[in-house]
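The structure appears right after this line, and notes come after that.
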Amino acid sequence: MSGETDVLSKAEIESALATAWAGNEVYYFSEIDSTNTYAKRLGESQGGHGTLVVSDRQTSGKGRRGRVWESPSGTGVYMSILLKPQIRPDQASMLTLVMAQSAVRTIREMTGLDAKIKWPNDIVLNGKKVCGMLTEMTMEMDQIQSVVIGVGINVNTTHFPEQLCDATSLYLESGKKLRRADLISEMLRQFEYYYDTFTKEGNLSGMQEEYNSLLVNCDAEVRVLEPLNEYQGHAVGINEMGELIVRKEDGEFVRVYAGEVSVRGIYGYV
Ligand code: BTN
């Protein structure tokens, strides 16, 4: 794509899609509060497995741990997929890692850049964040009613506010502008593939090795920030449940569960 603005529309997205079920229904907005909030609402009414919600701009984009996801128009991908998986609630957090794997593969294929996963689900380029994910689960009694995975990608962003010094975009790293509809289509194509791999075993065993090979924190020193606890250790990769295995300074191995935890490098974001 050359210098012009990338115009996104329902028709552009639908004609780019090459999937069997992911994106079987597409809701597109030029502006919405949050695609996750909308997809969650659909999940409580008529929305089916695979429904995709995309917006050109979000007015209340949600990040993990109560943060805001900056979502200006014309430059980013803000999408949420609604899933109705036949899995137990304790398996749901693995779906975010399935999406992370899909996102990192997509970014590598479309830009040729050495994108990596920062556990559990950020995608980084040259030590800066280019993509984040937020998974929200709705329960009915003790069963999953729906899972919504929201993905935000900084695509054609040319500059960031000063406070987002750890952020970058595909454009800033590659010098190329991308069609967002193509990116969405490839994300969903990859997601279908890895989702199938996940559902065969009900865990990440079929993709654990590949995930670890793309993990920026693999074989690296990390700081684990839990809501009430903080410690340092050496991360050795994920297990088949998607937990990060960390060897603490006293030699004890711990399994870190994604939830409300954040993992950082010892000198900064990565
Ligand atoms: C994070 O890294 O903190 C998660 C960011 C998730 C942002 C995406 S953008 C599309 C979807 N809708 C939202 O409100 N949030 C997610």
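Please note that chains go A, B, ... in the order of the structure tokens, that every chain numbers its residues from 1, and that ligands are numbered from 1 in the order shown.
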
Rows by chain and residue number, chain A within 9 Å of ligand 1, shortest pair, only C-alpha atoms and all ligand atoms, as a Markdown table:
```
| residue | atom | partner | partner_atom_place_in_ligand_line | distance |
| --- | --- | --- | --- | --- |
| A:Asp33 | CA | ligand 1 | 14 (O) | 7.3 |
| A:Ser34 | CA | ligand 1 | 14 (O) | 4.1 |
| A:Thr35 | CA | ligand 1 | 12 (N) | 4.4 |
| A:Asn36 | CA | ligand 1 | 12 (N) | 4.3 |
| A:Thr37 | CA | ligand 1 | 14 (O) | 6.7 |
| A:Tyr38 | CA | ligand 1 | 12 (N) | 8.7 |
| A:Ala39 | CA | ligand 1 | 12 (N) | 8.9 |
| A:Val53 | CA | ligand 1 | 10 (C) | 8.7 |
| A:Val54 | CA | ligand 1 | 10 (C) | 7.7 |
| A:Ser55 | CA | ligand 1 | 10 (C) | 8.1 |
| A:Gln58 | CA | ligand 1 | 14 (O) | 7.2 |
| A:Thr59 | CA | ligand 1 | 14 (O) | 8.8 |
| A:Ser60 | CA | ligand 1 | 14 (O) | 6.4 |
| A:Gly61 | CA | ligand 1 | 14 (O) | 3.6 |
| A:Lys62 | CA | ligand 1 | 14 (O) | 3.6 |
| A:Gly63 | CA | ligand 1 | 3 (O) | 3.3 |
| A:Arg64 | CA | ligand 1 | 3 (O) | 3.7 |
| A:Arg65 | CA | ligand 1 | 3 (O) | 6.9 |
| A:Gly66 | CA | ligand 1 | 3 (O) | 8.0 |
| A:Arg67 | CA | ligand 1 | 3 (O) | 6.3 |
| A:Val68 | CA | ligand 1 | 3 (O) | 7.4 |
| A:Trp69 | CA | ligand 1 | 7 (C) | 5.4 |
| A:Glu70 | CA | ligand 1 | 7 (C) | 8.3 |
| A:Ser71 | CA | ligand 1 | 9 (S) | 7.2 |
| A:Gly76 | CA | ligand 1 | 9 (S) | 8.7 |
| A:Val77 | CA | ligand 1 | 9 (S) | 7.1 |
| A:Tyr78 | CA | ligand 1 | 10 (C) | 3.9 |
| A:Met79 | CA | ligand 1 | 10 (C) | 4.6 |
| A:Ser80 | CA | ligand 1 | 11 (C) | 5.5 |
| A:Asn121 | CA | ligand 1 | 2 (O) | 7.6 |
| A:Asp122 | CA | ligand 1 | 2 (O) | 6.1 |
| A:Ile123 | CA | ligand 1 | 2 (O) | 8.9 |
| A:Lys129 | CA | ligand 1 | 2 (O) | 8.4 |
| A:Cys131 | CA | ligand 1 | 2 (O) | 6.7 |
| A:Gly132 | CA | ligand 1 | 2 (O) | 3.4 |
| A:Met133 | CA | ligand 1 | 4 (C) | 4.0 |
| A:Leu134 | CA | ligand 1 | 4 (C) | 4.5 |
| A:Thr135 | CA | ligand 1 | 16 (C) | 8.1 |
| A:Val148 | CA | ligand 1 | 11 (C) | 8.9 |
| A:Ile149 | CA | ligand 1 | 11 (C) | 7.4 |
| A:Gly150 | CA | ligand 1 | 11 (C) | 3.8 |
| A:Val151 | CA | ligand 1 | 8 (C) | 4.2 |
| A:Gly152 | CA | ligand 1 | 9 (S) | 3.7 |
| A:Ile153 | CA | ligand 1 | 9 (S) | 7.3 |
```

Prev. selection, C-alpha atoms, output as a PDB file, in the first residue's frame:
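Wrote selection.pdb, looks like this:
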```pdb
ATOM      1  CA  ASP A  33     -16.817   2.227  22.561  1.00  0.00           C
ATOM      2  CA  SER A  34     -15.095  -1.179  22.564  1.00  0.00           C
ATOM      3  CA  THR A  35     -15.311  -4.107  20.152  1.00  0.00           C
ATOM      4  CA  ASN A  36     -14.901  -6.463  23.136  1.00  0.00           C
ATOM      5  CA  THR A  37     -17.897  -4.960  24.923  1.00  0.00           C
ATOM      6  CA  TYR A  38     -19.998  -5.264  21.759  1.00  0.00           C
ATOM      7  CA  ALA A  39     -18.909  -8.869  21.102  1.00  0.00           C
ATOM      8  CA  VAL A  53     -16.436  -7.340  15.458  1.00  0.00           C
ATOM      9  CA  VAL A  54     -14.144  -4.683  13.968  1.00  0.00           C
ATOM     10  CA  SER A  55     -14.051  -0.935  14.406  1.00  0.00           C
ATOM     11  CA  GLN A  58     -12.692   2.922  19.698  1.00  0.00           C
ATOM     12  CA  THR A  59     -13.730   5.571  22.173  1.00  0.00           C
ATOM     13  CA  SER A  60     -13.167   3.342  25.261  1.00  0.00           C
ATOM     14  CA  GLY A  61     -10.733   0.699  24.091  1.00  0.00           C
ATOM     15  CA  LYS A  62      -9.923  -1.612  27.002  1.00  0.00           C
ATOM     16  CA  GLY A  63      -6.477  -2.983  27.816  1.00  0.00           C
ATOM     17  CA  ARG A  64      -5.441  -5.610  30.349  1.00  0.00           C
ATOM     18  CA  ARG A  65      -5.394  -4.777  34.050  1.00  0.00           C
ATOM     19  CA  GLY A  66      -7.923  -1.958  33.682  1.00  0.00           C
ATOM     20  CA  ARG A  67      -5.787   0.078  31.298  1.00  0.00           C
ATOM     21  CA  VAL A  68      -6.981   2.083  28.284  1.00  0.00           C
ATOM     22  CA  TRP A  69      -6.098   0.941  24.744  1.00  0.00           C
ATOM     23  CA  GLU A  70      -5.500   4.022  22.578  1.00  0.00           C
ATOM     24  CA  SER A  71      -7.591   3.448  19.436  1.00  0.00           C
ATOM     25  CA  GLY A  76      -4.941   0.380  13.896  1.00  0.00           C
ATOM     26  CA  VAL A  77      -6.711  -2.950  13.925  1.00  0.00           C
ATOM     27  CA  TYR A  78      -9.273  -3.230  16.724  1.00  0.00           C
ATOM     28  CA  MET A  79     -11.045  -6.551  16.447  1.00  0.00           C
ATOM     29  CA  SER A  80     -12.790  -9.054  18.691  1.00  0.00           C
ATOM     30  CA  ASN A 121       0.063 -12.430  24.782  1.00  0.00           C
ATOM     31  CA  ASP A 122       1.826  -9.209  23.827  1.00  0.00           C
ATOM     32  CA  ILE A 123       3.605  -9.111  20.489  1.00  0.00           C
ATOM     33  CA  LYS A 129       4.883  -3.551  21.987  1.00  0.00           C
ATOM     34  CA  CYS A 131      -0.011  -5.752  19.602  1.00  0.00           C
ATOM     35  CA  GLY A 132      -2.005  -6.607  22.731  1.00  0.00           C
ATOM     36  CA  MET A 133      -4.872  -8.925  23.543  1.00  0.00           C
ATOM     37  CA  LEU A 134      -7.694  -8.943  26.057  1.00  0.00           C
ATOM     38  CA  THR A 135      -9.729 -12.081  26.699  1.00  0.00           C
ATOM     39  CA  VAL A 148     -14.272 -12.907  23.546  1.00  0.00           C
ATOM     40  CA  ILE A 149     -10.697 -12.381  22.413  1.00  0.00           C
ATOM     41  CA  GLY A 150      -9.938  -8.770  21.533  1.00  0.00           C
ATOM     42  CA  VAL A 151      -6.841  -7.858  19.566  1.00  0.00           C
ATOM     43  CA  GLY A 152      -5.344  -4.413  19.098  1.00  0.00           C
ATOM     44  CA  ILE A 153      -2.528  -3.968  16.560  1.00  0.00           C
TER      45      ILE A 153
END
```

message: I want to know what sits within 10 Å of Ser15 of chain A, based on only C-alpha atoms, with residues of the same chain fewer than 3 positions away left out; could you give that as a PyMOL selection string?
response: chain A and resi 10-12+18+181-182+185

- prompt: When distances are computed from only C-alpha atoms, which of A:Val147, A:Glu260, A:Pro227, A:Gln101 shows the smallest separation from Glu209 of chain A?
  reply: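 Distance minimum relative to Glu209 of chain A lands on A:Gln101.
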
task: Work out how far apart atom CA of Ala103 of chain A and atom CA of Asn239 of chain A are and give it in Å to one decimal.
output: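 Interatomic distance here is 19.7 Å.
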
query: Pick the closest to Ala100 of chain A from A:Arg189, A:Lys177, A:Lys116, A:Arg264: which is it, counting only C-alpha atoms?
result: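 So, comparing all the options, the nearest one is A:Lys116.
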
query: Among segment 74-215 of chain A, which ones does DSSP place in helix (DSSP H, G or I), written as a ChimeraX atom specification?
result: /A:89-91,93-111,162-164,170-174,180-201,208-213

field: Contact residues around Ala258 of chain A with only C-alpha atoms at 10 Å, ignoring same-chain residues under 3 positions, as a list in words
entry: Ser93, Met94, Thr96, Leu97, Trp119, Pro120, Asn121, Glu226, Gly242, Glu243, Leu244, Arg255, Val261, Ser262 and Val263 of chain A

task: Just give me the gap between atom CA of Glu240 of chain A and atom CA of Ser102 of chain A in Å, one decimal is fine.
output: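 If I compute the distance from atom CA of Glu240 of chain A to atom CA of Ser102 of chain A, I get 16.8 Å.
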
field: Nearest candidate to Glu192 of chain A (options A:Ala20, A:Leu95, A:Leu52, A:Ile144; using only C-alpha atoms)
entry: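 Among A:Ala20, A:Leu95, A:Leu52, A:Ile144, it is A:Ala20 that comes nearest to Glu192 of chain A.
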
message: Could you tell me how far atom CA of Lys128 of chain A sits from atom CA of Leu188 of chain A, in Å to one decimal place?
response: 23.5 Å

task: Would you mind telling me which residue in A:Val236, A:Met241, A:Leu164, A:Cys218 lies nearest to Ser205 of chain A when using only C-alpha atoms?
output: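 Using only C-alpha atoms, the shortest distance to Ser205 of chain A belongs to A:Met241.
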
field: For Tyr231 of chain A, the nearest of the candidates A:Lys248, A:Gln86, A:Val216, A:Gln190, counting only C-alpha atoms
entry: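 Ranking A:Lys248, A:Gln86, A:Val216, A:Gln190 by distance to Tyr231 of chain A, first place goes to A:Lys248.
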